[in-house]
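Containing mmCIF, C-alpha atoms and all ligand atoms: run.cif.
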```cif
data_work
#
loop_
_atom_site.label_atom_id
_atom_site.label_comp_id
_atom_site.auth_asym_id
_atom_site.auth_seq_id
_atom_site.Cartn_x
_atom_site.Cartn_y
_atom_site.Cartn_z
CA MET Q 1309 82.18 128.83 152.76
CA ASN Q 1310 80.99 129.36 149.18
CA LYS Q 1311 79.37 126.33 147.61
CA GLN Q 1312 80.32 125.31 144.07
CA PRO Q 1313 77.62 126.37 141.59
CA VAL Q 1314 75.46 123.52 140.32
CA TYR Q 1315 75.81 122.70 136.61
CA LEU Q 1316 72.13 122.36 135.72
CA LEU Q 1317 72.73 120.09 132.71
CA ASP Q 1318 74.21 117.50 135.09
CA LEU Q 1319 70.78 117.08 136.71
CA ASN Q 1320 67.94 114.97 135.42
CA SER Q 1321 64.33 116.09 135.82
CA GLU Q 1322 63.84 114.67 139.33
CA GLU Q 1323 67.16 116.03 140.57
CA LEU Q 1324 66.42 119.48 139.14
CA LYS Q 1325 63.09 119.54 140.96
CA ALA Q 1326 64.74 118.56 144.26
CA TRP Q 1327 67.40 121.22 143.80
CA VAL Q 1328 64.84 123.96 143.03
CA LEU Q 1329 62.89 122.96 146.17
CA SER Q 1330 66.12 123.18 148.17
CA LEU Q 1331 66.35 126.84 147.14
CA GLY Q 1332 62.93 127.45 148.72
CA GLU Q 1333 61.17 127.70 145.34
CA LYS Q 1334 58.03 125.92 144.16
CA ALA Q 1335 58.38 122.66 142.20
CA TYR Q 1336 56.79 124.12 139.05
CA ARG Q 1337 59.75 126.49 138.72
CA ALA Q 1338 61.85 123.44 137.83
CA ALA Q 1339 59.50 122.65 134.94
CA GLN Q 1340 59.76 126.27 133.78
CA LEU Q 1341 63.55 126.05 133.91
CA GLU Q 1342 63.51 122.87 131.84
CA GLN Q 1343 61.28 124.55 129.29
CA TRP Q 1344 63.75 127.38 128.93
CA ILE Q 1345 66.77 125.12 128.68
CA TYR Q 1346 65.50 122.36 126.40
CA LYS Q 1347 62.51 123.79 124.51
CA LYS Q 1348 63.16 127.51 124.24
CA SER Q 1349 66.95 127.20 123.97
CA ALA Q 1350 67.74 130.03 126.37
CA GLY Q 1351 71.32 131.23 126.30
CA SER Q 1352 71.26 132.83 129.76
CA PHE Q 1353 69.18 133.05 132.94
CA GLU Q 1354 68.33 136.67 132.05
CA GLU Q 1355 66.39 135.47 128.99
CA MET Q 1356 64.05 133.41 131.21
CA SER Q 1357 61.51 136.20 131.30
CA ASP Q 1358 58.66 134.42 133.12
CA LEU Q 1359 60.86 133.55 136.11
CA PRO Q 1360 60.74 136.16 138.89
CA GLN Q 1361 63.85 138.34 139.09
CA SER Q 1362 64.47 137.06 142.64
CA PHE Q 1363 64.68 133.46 141.34
CA ARG Q 1364 66.90 134.50 138.43
CA ASN Q 1365 69.22 136.20 140.93
CA LYS Q 1366 69.40 132.97 142.92
CA LEU Q 1367 70.21 131.06 139.74
CA GLN Q 1368 73.00 133.49 138.89
CA GLN Q 1369 74.51 132.87 142.31
CA ALA Q 1370 74.01 129.14 142.68
CA ALA Q 1371 73.93 127.63 139.20
CA LEU Q 1372 75.76 127.35 135.90
CA LEU Q 1373 73.79 127.08 132.68
CA PHE Q 1374 76.73 126.45 130.35
CA THR Q 1375 80.41 125.75 130.99
CA MET Q 1376 81.93 125.42 127.50
CA THR Q 1377 83.45 128.14 125.29
CA PRO Q 1378 83.89 127.77 121.51
CA LEU Q 1379 87.55 128.28 120.55
CA GLU Q 1380 87.31 127.56 116.83
CA ASP Q 1381 84.39 127.40 114.44
CA LYS Q 1382 85.10 125.91 111.01
CA LYS Q 1383 82.74 125.54 108.06
CA SER Q 1384 83.44 123.17 105.17
CA ALA Q 1385 83.67 124.68 101.68
CA ASP Q 1386 80.32 123.13 100.70
CA GLY Q 1387 78.66 124.60 103.80
CA GLN Q 1388 77.41 121.14 104.82
CA THR Q 1389 79.63 120.63 107.85
CA ARG Q 1390 80.48 122.82 110.77
CA LYS Q 1391 82.96 121.86 113.42
CA ILE Q 1392 83.47 123.51 116.79
CA LEU Q 1393 86.44 123.11 119.11
CA PHE Q 1394 85.23 123.80 122.66
CA LYS Q 1395 87.22 124.72 125.72
CA LEU Q 1396 85.95 123.09 128.90
CA GLU Q 1397 85.90 124.58 132.38
CA ASP Q 1398 89.18 122.88 133.33
CA GLY Q 1399 90.93 124.07 130.17
CA GLN Q 1400 90.60 120.76 128.29
CA THR Q 1401 89.24 120.80 124.75
CA LEU Q 1402 86.82 118.70 122.71
CA GLU Q 1403 85.25 118.70 119.29
CA SER Q 1404 81.69 118.47 118.01
CA THR Q 1405 80.39 118.57 114.46
CA LEU Q 1406 77.13 119.61 112.82
CA MET Q 1407 76.30 117.97 109.50
CA PHE Q 1408 73.51 118.76 107.06
CA TYR Q 1409 72.17 115.90 104.90
CA GLU Q 1410 69.47 116.03 102.28
CA ASN Q 1411 67.21 112.98 102.63
CA THR Q 1412 66.48 112.19 99.00
CA ASN Q 1413 63.46 110.03 99.87
CA SER Q 1414 61.55 112.53 101.97
CA HIS Q 1415 63.18 115.76 100.67
CA ARG Q 1416 63.66 116.62 104.29
CA GLU Q 1417 66.94 117.88 105.59
CA ARG Q 1418 68.65 116.02 108.41
CA ARG Q 1419 70.67 118.08 110.83
CA THR Q 1420 72.94 115.72 112.70
CA VAL Q 1421 75.24 116.58 115.57
CA CYS Q 1422 78.22 114.32 116.20
CA ILE Q 1423 79.25 114.65 119.83
CA SER Q 1424 82.20 113.59 121.97
CA THR Q 1425 81.87 111.61 125.18
CA GLN Q 1426 85.43 111.74 126.56
CA VAL Q 1427 88.46 114.01 126.39
CA GLY Q 1428 90.83 111.80 124.43
CA CYS Q 1429 90.08 108.10 124.33
CA PRO Q 1430 91.42 105.08 126.24
CA VAL Q 1431 90.82 102.64 123.37
CA GLY Q 1432 93.76 103.84 121.26
CA CYS Q 1433 92.81 102.62 117.78
CA TYR Q 1434 96.00 102.87 115.75
CA PHE Q 1435 94.37 104.75 112.82
CA CYS Q 1436 92.60 107.37 114.93
CA ALA Q 1437 93.82 110.89 115.73
CA THR Q 1438 91.95 110.88 119.07
CA GLY Q 1439 93.36 107.47 119.94
CA GLN Q 1440 96.85 108.89 119.48
CA GLN Q 1441 96.12 111.72 121.96
CA GLY Q 1442 95.60 109.28 124.84
CA PHE Q 1443 92.89 109.48 127.48
CA VAL Q 1444 92.36 112.50 129.76
CA ARG Q 1445 88.94 112.19 131.37
CA ASN Q 1446 85.30 111.32 130.97
CA LEU Q 1447 82.89 114.09 130.01
CA ARG Q 1448 80.22 115.00 132.52
CA GLN Q 1449 76.59 114.39 131.64
CA GLY Q 1450 76.16 118.16 131.22
CA GLU Q 1451 79.13 118.48 128.88
CA ILE Q 1452 77.69 115.78 126.63
CA LEU Q 1453 74.33 117.57 126.50
CA GLU Q 1454 75.80 121.04 126.15
CA GLN Q 1455 77.35 120.13 122.79
CA VAL Q 1456 73.89 119.39 121.37
CA LEU Q 1457 72.29 122.44 122.97
CA TYR Q 1458 75.00 124.66 121.51
CA PHE Q 1459 74.06 123.63 117.96
CA VAL Q 1460 70.35 123.89 118.72
CA ARG Q 1461 70.89 127.53 119.72
CA LEU Q 1462 73.17 128.13 116.74
CA ILE Q 1463 70.50 126.92 114.32
CA LYS Q 1464 67.58 128.61 116.05
CA ASN Q 1465 69.44 131.92 116.03
CA THR Q 1466 69.63 131.77 112.24
CA VAL Q 1467 65.98 130.80 111.72
CA THR Q 1468 63.53 133.18 110.08
CA THR Q 1469 59.94 133.25 111.32
CA GLU Q 1470 58.69 131.27 108.28
CA ASP Q 1471 61.04 128.40 109.06
CA ARG Q 1472 58.62 126.65 111.43
CA GLU Q 1473 60.08 123.18 110.95
CA LEU Q 1474 63.57 124.39 111.82
CA ALA Q 1475 62.33 126.33 114.82
CA ARG Q 1476 60.43 123.26 116.09
CA LYS Q 1477 63.25 120.75 115.70
CA ALA Q 1478 66.61 122.38 115.11
CA ILE Q 1479 68.51 119.10 115.44
CA THR Q 1480 67.04 115.94 113.95
CA ASN Q 1481 69.74 113.38 114.86
CA VAL Q 1482 72.52 112.91 117.37
CA VAL Q 1483 75.39 110.50 116.87
CA LEU Q 1484 77.79 109.61 119.66
CA MET Q 1485 80.73 109.16 117.32
CA GLY Q 1486 83.06 112.00 118.25
CA MET Q 1487 86.05 111.77 120.55
CA GLY Q 1488 85.99 108.94 123.06
CA GLU Q 1489 84.37 105.56 123.56
CA PRO Q 1490 80.80 106.21 124.78
CA LEU Q 1491 80.50 102.87 126.54
CA ALA Q 1492 83.65 103.59 128.57
CA ASN Q 1493 81.75 106.55 130.09
CA TYR Q 1494 78.61 104.50 130.57
CA GLU Q 1495 76.68 106.25 133.33
CA ASN Q 1496 77.13 109.83 132.09
CA VAL Q 1497 76.31 108.78 128.54
CA ARG Q 1498 73.20 106.87 129.65
CA ARG Q 1499 71.92 109.84 131.65
CA ALA Q 1500 72.65 112.34 128.86
CA VAL Q 1501 70.89 110.15 126.30
CA GLU Q 1502 67.87 109.83 128.60
CA THR Q 1503 67.59 113.62 128.65
CA LEU Q 1504 67.97 113.86 124.87
CA ASN Q 1505 65.14 111.35 124.58
CA SER Q 1506 62.93 112.55 127.45
CA LYS Q 1507 59.76 114.61 127.06
CA HIS Q 1508 61.29 116.96 129.65
CA GLY Q 1509 64.42 117.26 127.51
CA LEU Q 1510 64.98 117.52 123.76
CA GLU Q 1511 62.43 114.80 122.89
CA LEU Q 1512 64.62 113.20 120.23
CA GLY Q 1513 63.34 109.75 119.28
CA ALA Q 1514 65.56 106.79 120.22
CA ARG Q 1515 65.81 106.05 116.49
CA GLN Q 1516 67.35 109.48 116.01
CA ILE Q 1517 70.18 108.74 118.45
CA THR Q 1518 73.06 106.48 117.38
CA LEU Q 1519 75.72 105.19 119.74
CA SER Q 1520 78.95 104.08 118.13
CA THR Q 1521 81.25 101.70 119.95
CA SER Q 1522 84.58 100.05 119.32
CA GLY Q 1523 83.13 96.94 120.97
CA LEU Q 1524 83.17 96.96 124.77
CA VAL Q 1525 81.30 93.70 125.13
CA PRO Q 1526 80.11 93.80 128.80
CA GLN Q 1527 78.76 97.36 128.44
CA LEU Q 1528 77.18 96.48 125.10
CA ARG Q 1529 75.30 93.65 126.79
CA GLN Q 1530 74.30 96.04 129.61
CA LEU Q 1531 73.03 98.57 127.05
CA ALA Q 1532 70.81 95.91 125.51
CA GLU Q 1533 69.00 95.61 128.87
CA GLU Q 1534 68.27 99.36 129.17
CA ASN Q 1535 64.99 100.83 128.14
CA LEU Q 1536 66.76 103.12 125.64
CA HIS Q 1537 66.73 101.16 122.37
CA LEU Q 1538 69.26 103.39 120.65
CA GLU Q 1539 70.54 102.79 117.16
CA LEU Q 1540 73.86 100.98 117.38
CA ALA Q 1541 76.97 101.32 115.24
CA ILE Q 1542 79.97 99.06 115.77
CA SER Q 1543 83.44 99.94 114.51
CA LEU Q 1544 84.38 96.68 112.81
CA HIS Q 1545 87.10 97.60 110.27
CA ALA Q 1546 88.28 93.97 109.96
CA ALA Q 1547 86.65 90.56 109.92
CA THR Q 1548 89.49 88.45 111.32
CA ASP Q 1549 91.08 88.79 114.76
CA GLU Q 1550 94.52 88.91 113.22
CA LEU Q 1551 93.72 91.99 111.13
CA ARG Q 1552 91.49 93.67 113.71
CA ASN Q 1553 94.26 93.35 116.33
CA ARG Q 1554 96.46 95.39 113.98
CA LEU Q 1555 93.89 98.19 113.84
CA MET Q 1556 92.18 98.17 117.23
CA PRO Q 1557 93.89 96.99 120.44
CA ILE Q 1558 90.43 96.50 122.02
CA ASN Q 1559 90.07 93.40 119.87
CA ARG Q 1560 92.64 91.58 122.01
CA LYS Q 1561 90.36 92.00 125.00
CA TYR Q 1562 87.04 91.41 123.22
CA PRO Q 1563 87.70 89.37 120.07
CA LEU Q 1564 85.17 88.88 117.29
CA ALA Q 1565 83.89 85.62 118.80
CA GLU Q 1566 82.60 87.70 121.76
CA LEU Q 1567 81.71 90.90 119.92
CA ILE Q 1568 79.47 89.49 117.20
CA PRO Q 1569 77.20 87.50 119.58
CA ALA Q 1570 76.88 90.65 121.74
CA CYS Q 1571 75.69 92.58 118.65
CA VAL Q 1572 73.19 89.84 117.81
CA ASN Q 1573 71.98 89.94 121.41
CA TYR Q 1574 71.47 93.72 121.09
CA LEU Q 1575 69.38 93.16 117.97
CA GLU Q 1576 67.28 90.49 119.69
CA LYS Q 1577 66.70 92.52 122.84
CA THR Q 1578 66.02 95.92 121.26
CA GLY Q 1579 64.86 95.17 117.73
CA ARG Q 1580 67.50 97.63 116.45
CA ARG Q 1581 69.48 96.43 113.46
CA PRO Q 1582 73.18 97.06 114.09
CA THR Q 1583 75.32 98.90 111.57
CA PHE Q 1584 78.92 97.77 111.22
CA GLU Q 1585 81.27 100.62 110.35
CA TYR Q 1586 84.13 99.62 108.07
CA ALA Q 1587 86.71 102.31 107.27
CA LEU Q 1588 88.72 101.31 104.22
CA PHE Q 1589 92.49 101.73 104.48
CA GLU Q 1590 94.52 101.31 101.33
CA GLY Q 1591 96.35 97.99 101.21
CA VAL Q 1592 95.38 97.16 104.80
CA ASN Q 1593 91.76 95.98 104.88
CA ASP Q 1594 90.30 96.88 101.47
CA SER Q 1595 90.86 93.80 99.30
CA PRO Q 1596 88.13 91.57 97.78
CA GLN Q 1597 89.33 88.84 100.17
CA ASN Q 1598 88.73 91.21 103.13
CA ALA Q 1599 85.22 91.89 101.79
CA ARG Q 1600 84.48 88.16 101.49
CA GLU Q 1601 85.63 87.70 105.10
CA VAL Q 1602 83.19 90.41 106.21
CA ALA Q 1603 80.38 88.71 104.31
CA GLU Q 1604 81.25 85.39 105.93
CA LEU Q 1605 81.43 86.89 109.44
CA LEU Q 1606 78.05 88.65 109.15
CA LYS Q 1607 76.24 85.95 107.17
CA GLY Q 1608 72.64 85.55 108.32
CA ILE Q 1609 72.69 88.54 110.71
CA ASN Q 1610 70.11 91.26 110.13
CA CYS Q 1611 72.56 94.16 109.87
CA ALA Q 1612 74.04 96.77 107.56
CA VAL Q 1613 77.62 97.68 106.72
CA ASN Q 1614 78.75 101.26 106.27
CA ILE Q 1615 81.86 101.40 104.10
CA ILE Q 1616 83.70 104.61 104.99
CA ILE Q 1617 86.23 106.42 102.83
CA GLY Q 1618 87.83 109.81 102.79
CA ASN Q 1619 88.85 110.41 106.36
CA PRO Q 1620 92.59 110.89 106.22
CA THR Q 1621 94.40 110.58 109.51
CA ALA Q 1622 97.81 111.89 110.43
CA SER Q 1623 99.20 108.37 110.21
CA LEU Q 1624 101.20 107.36 107.15
CA GLU Q 1625 100.35 103.72 107.71
CA PHE Q 1626 96.61 104.23 107.28
CA LYS Q 1627 95.71 106.03 104.06
CA SER Q 1628 92.08 106.11 103.03
CA SER Q 1629 91.19 103.90 100.04
CA SER Q 1630 89.83 105.33 96.80
CA LEU Q 1631 86.16 105.39 95.82
CA ALA Q 1632 86.94 102.88 93.05
CA GLN Q 1633 88.36 100.45 95.62
CA ALA Q 1634 85.33 101.00 97.84
CA GLN Q 1635 83.04 100.12 94.94
CA ILE Q 1636 84.89 96.85 94.35
CA PHE Q 1637 84.64 96.09 98.07
CA GLN Q 1638 80.94 96.90 97.97
CA LYS Q 1639 80.36 94.55 95.03
CA HIS Q 1640 81.83 91.65 97.01
CA LEU Q 1641 79.65 92.45 100.02
CA PHE Q 1642 76.54 92.49 97.82
CA ALA Q 1643 77.65 89.16 96.34
CA GLY Q 1644 77.66 87.82 99.91
CA SER Q 1645 74.11 89.24 100.45
CA ILE Q 1646 75.28 91.90 102.89
CA PHE Q 1647 73.28 95.12 102.76
CA ASN Q 1648 75.75 98.01 102.63
CA THR Q 1649 76.32 101.63 101.67
CA ILE Q 1650 79.41 103.69 100.93
CA ARG Q 1651 79.78 106.78 103.06
CA ILE Q 1652 82.16 109.49 102.01
CA SER Q 1653 83.31 111.20 105.15
CA LYS Q 1654 81.98 114.72 105.44
CA GLY Q 1655 84.05 117.80 106.07
CA THR Q 1656 87.50 116.42 105.35
CA ASP Q 1657 88.58 119.95 104.40
CA ILE Q 1658 87.89 121.05 107.98
CA GLU Q 1659 89.40 118.04 109.68
CA ALA Q 1660 86.04 116.59 110.66
CA GLY Q 1661 87.45 113.14 111.33
CA CYS Q 1662 87.41 112.52 115.05
CA GLY Q 1663 90.21 114.27 116.90
CA GLN Q 1664 91.79 115.89 113.84
CA LEU Q 1665 90.91 119.50 114.59
CA LYS Q 1666 92.07 119.12 118.18
CA SER Q 1667 95.31 117.43 117.09
CA ARG Q 1668 96.12 120.29 114.76
CA TRP Q 1669 95.15 122.88 117.38
CA LEU Q 1670 97.43 121.29 119.95
CA LYS Q 1671 100.26 121.20 117.41
CA GLU Q 1672 99.83 124.88 116.56
CA LYS Q 1673 99.82 125.78 120.22
CA ASP Q 1674 102.94 123.65 120.50
CA GLU Q 1675 101.44 121.72 123.38
CA PRO Q 1676 101.94 118.03 123.84
CA ALA Q 1677 98.77 116.06 123.01
CA LYS Q 1678 97.08 115.22 126.31
S1 LIG P 1 88.20 105.33 116.78
FE1 LIG P 1 86.83 105.83 118.48
S2 LIG P 1 87.26 104.18 119.99
FE2 LIG P 1 88.99 104.17 118.55
S3 LIG P 1 90.53 105.52 119.53
FE3 LIG P 1 89.29 106.78 118.11
S4 LIG P 1 87.71 107.68 119.42
FE4 LIG P 1 88.57 105.92 120.52
#
```

Write the structure described by the file as structure tokens, please.
Ligand code: SF4
Amino acid sequence: MNKQPVYLLDLNSEELKAWVLSLGEKAYRAAQLEQWIYKKSAGSFEEMSDLPQSFRNKLQQAALLFTMTPLEDKKSADGQTRKILFKLEDGQTLESTLMFYENTNSHRERRTVCISTQVGCPVGCYFCATGQQGFVRNLRQGEILEQVLYFVRLIKNTVTTEDRELARKAITNVVLMGMGEPLANYENVRRAVETLNSKHGLELGARQITLSTSGLVPQLRQLAEENLHLELAISLHAATDELRNRLMPINRKYPLAELIPACVNYLEKTGRRPTFEYALFEGVNDSPQNAREVAELLKGINCAVNIIIGNPTASLEFKSSSLAQAQIFQKHLFAGSIFNTIRISKGTDIEAGCGQLKSRWLKEKDEPAK
């Protein structure tokens, strides 16, 4: 009976070594394989020129390097955002986005990949296109990693020989802010992040990896105990339970009185200052009174607030606020001594808000959203 091929990105370093040994190969071949996958960004086994042909033949038979196929590739008009819709092995689809940012302090460019962790999302925030698609399944560890590796290869393939910095570190940051709730797929996310961070993997610093959560309190407390020390972003969007319940059903399960202490605990355990994401919706949560409530809720906590505008969703009920409104909101946060920035969502012309490209694609294909 034919065995299913092994998806190599599902294996961590130890598991890869054990699997290579099981093929009758020497352990150092596993290290060579890792080099090709994570450091030299190989696109196929054939490219792995220092592996003997006999081993490459075995790999062709017994292993899969990649499982995802790009279906759509969209670039924003300003060239700063690129969004890919991928088809997975089982026919499901997901989205990932590459964003270029100029860091005005260091004059260095940041190349950030926003990745998905689930197909659909079980949390069902009322303003979110993904939330409206429902939940299909968790992504495998390999599928989480493959999104990042795809963009690494994409960038490296465009690099000229003089571009040493780009060739050395194609991707500078990863944010787990795409489709899905990362903490609802805890184990696969933890393992994928370990490989992103590991010296055997992509060697991204923990400070370069941000996990964004809607506020799953038990998993957030578990994450604080891990030796990962990721940057943390929390989708807040409202500072009272009454308003947050209207935006995010998760708040009924884990209200603010449980969420905020869990964020403070994360800060104490990891030393990472949490960022609270606050998307402004016109007439819903964008008044000066709402801003004062945020300032009151976060008073005395070492944190930052990211005010987000410009990410229109399909919903009529939740229209993004204007920049002018955001600036008024910001003024009230500053008055309450809350450090904050306004972020204008990137790539709105290519539907870079989470789940938007997939929603449109499903509509065009006349399929029901799964
Ligand atoms: S905003 Fe995030 S957590 Fe909420 S439904 Fe959308 S993907 Fe899920």

Expected selection as a ChimeraX atom specification for ligand LIG 1 (chain P) within 10 Å, only C-alpha atoms and all ligand atoms: /Q:1424-1443,1484-1492,1520-1524,1542-1543,1555-1558,1661-1663

Using all atoms listed in the file: which of Q:Cys1571, Q:Ile1423, Q:Ala1546, Q:Leu1641 has the shortest distance to Ala1500 of chain Q: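 Nearest candidate to Ala1500 of chain Q out of Q:Cys1571, Q:Ile1423, Q:Ala1546, Q:Leu1641: Q:Ile1423.
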
Gap from atom CA of Gln1312 of chain Q to atom CA of Leu1329 of chain Q - Å, one decimal: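 Taking atom CA of Gln1312 of chain Q and atom CA of Leu1329 of chain Q, their separation equals 17.7 Å.
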
Who sits within 12 Å of Glu1576 of chain Q, all atoms listed in the file, same chain under 2 positions skipped, as a list in words: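 Neighbouring residues, sequence-local ones excluded: Arg1529, Ala1532, Glu1533, His1537, Pro1569, Ala1570, Cys1571, Val1572, Asn1573, Tyr1574, Thr1578, Gly1579, Arg1580, Arg1581, Pro1582, Ile1609, Asn1610 and Cys1611 of chain Q.
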
Counting all atoms listed in the file, the residue of Q:Ala1612, Q:Ala1350, Q:Leu1504, Q:Leu1324 that sits nearest Tyr1586 of chain Q: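 Once distances to Tyr1586 of chain Q are computed over all atoms listed in the file, the minimum belongs to Q:Ala1612.
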
Selection as an NGL selection string: residues within 10 Å of (92.1, 86.0, 116.3), counting all atoms listed in the file: :Q and (1547-1553 or 1559-1560 or 1563-1565)

Residue among Q:Leu1367, Q:Leu1373, Q:Leu1341, Q:Ile1517 lying closest to Val1421 of chain Q, counting only C-alpha atoms: Q:Ile1517

Residues within 10 Å of Gln1388 of chain Q, only C-alpha atoms, excluding chain neighbours under 2 positions, as a PyMOL selection string: chain Q and resi 1383-1386+1390+1406-1410+1419+1654-1655

Requested write-out: C-alpha atoms of the selected residues, as a CSV table (one decimal), keeping the file's coordinate frame:
```
chain,number,residue,atom,x,y,z
Q,1383,LYS,CA,82.7,125.5,108.1
Q,1384,SER,CA,83.4,123.2,105.2
Q,1385,ALA,CA,83.7,124.7,101.7
Q,1386,ASP,CA,80.3,123.1,100.7
Q,1390,ARG,CA,80.5,122.8,110.8
Q,1406,LEU,CA,77.1,119.6,112.8
Q,1407,MET,CA,76.3,118.0,109.5
Q,1408,PHE,CA,73.5,118.8,107.1
Q,1409,TYR,CA,72.2,115.9,104.9
Q,1410,GLU,CA,69.5,116.0,102.3
Q,1419,ARG,CA,70.7,118.1,110.8
Q,1654,LYS,CA,82.0,114.7,105.4
Q,1655,GLY,CA,84.0,117.8,106.1
```

Of the listed residues Q:Gly1644, Q:Gly1450, Q:Gly1591, Q:Pro1596, that which approaches Leu1317 of chain Q most closely, counting all atoms listed in the file: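 Ranked by minimum distance to Leu1317 of chain Q, first place goes to Q:Gly1450.
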
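Comparing the minimum interatomic distances between Lys1607 of chain Q and each of Q:Gln1633, Q:Ala1643, Q:Tyr1336, Q:Lys1382, counting only C-alpha atoms, we find that Q:Ala1643 sits nearest.
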
Give me the box for segment 1589-1598 of chain Q as lines of an AutoDock Vina configuration file, namely the centre and edge lengths in Å to one decimal of a box along x, y and z that holds every listed atom plus 5 Å on each side.
```
center_x = 92.2
center_y = 95.3
center_z = 101.3
size_x = 18.2
size_y = 22.9
size_z = 17.1
```

Which of Q:Tyr1346, Q:Phe1353, Q:Phe1647, Q:Phe1374 sits closest to Asn1505 of chain Q [using all atoms listed in the file]: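 Nearest to Asn1505 of chain Q: Q:Tyr1346.
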
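In this model, the gap between atom CA of Met1356 of chain Q and atom CA of Gln1400 of chain Q comes to 29.6 Å.
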
Distance in Å - atom CA of Glu1585 of chain Q versus atom CA of Ile1392 of chain Q: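 Computed distance, atom CA of Glu1585 of chain Q to atom CA of Ile1392 of chain Q, equals 23.9 Å.
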
Complete the atoms of segment 1388-1401 of chain Q to N, CA and C atoms and put them out as a short mmCIF file (atom, residue, chain, number, x, y, z; two decimals), in the coordinates of the input.
```cif
data_model
loop_
_atom_site.label_atom_id
_atom_site.label_comp_id
_atom_site.auth_asym_id
_atom_site.auth_seq_id
_atom_site.Cartn_x
_atom_site.Cartn_y
_atom_site.Cartn_z
N GLN Q 1388 78.21 122.24 104.28
CA GLN Q 1388 77.41 121.14 104.82
C GLN Q 1388 77.89 120.66 106.20
N THR Q 1389 79.06 121.11 106.59
CA THR Q 1389 79.63 120.63 107.85
C THR Q 1389 80.20 121.79 108.65
N ARG Q 1390 79.95 121.77 109.90
CA ARG Q 1390 80.48 122.82 110.77
C ARG Q 1390 81.07 122.17 112.00
N LYS Q 1391 82.28 122.52 112.30
CA LYS Q 1391 82.96 121.86 113.42
C LYS Q 1391 83.40 122.88 114.46
N ILE Q 1392 83.11 122.60 115.71
CA ILE Q 1392 83.47 123.51 116.79
C ILE Q 1392 84.47 122.82 117.71
N LEU Q 1393 85.52 123.56 118.06
CA LEU Q 1393 86.44 123.11 119.11
C LEU Q 1393 86.06 123.88 120.36
N PHE Q 1394 85.67 123.16 121.41
CA PHE Q 1394 85.23 123.80 122.66
C PHE Q 1394 86.32 123.72 123.72
N LYS Q 1395 86.37 124.77 124.52
CA LYS Q 1395 87.22 124.72 125.72
C LYS Q 1395 86.32 124.42 126.91
N LEU Q 1396 86.73 123.47 127.72
CA LEU Q 1396 85.95 123.09 128.90
C LEU Q 1396 86.40 123.91 130.10
N GLU Q 1397 85.63 123.78 131.18
CA GLU Q 1397 85.90 124.58 132.38
C GLU Q 1397 87.32 124.39 132.91
N ASP Q 1398 87.84 123.16 132.79
CA ASP Q 1398 89.18 122.88 133.33
C ASP Q 1398 90.28 123.11 132.29
N GLY Q 1399 89.93 123.74 131.17
CA GLY Q 1399 90.93 124.07 130.17
C GLY Q 1399 91.12 122.99 129.11
N GLN Q 1400 90.52 121.81 129.31
CA GLN Q 1400 90.60 120.76 128.29
C GLN Q 1400 89.78 121.16 127.07
N THR Q 1401 89.98 120.47 125.97
CA THR Q 1401 89.24 120.80 124.75
C THR Q 1401 88.56 119.56 124.17
#
```
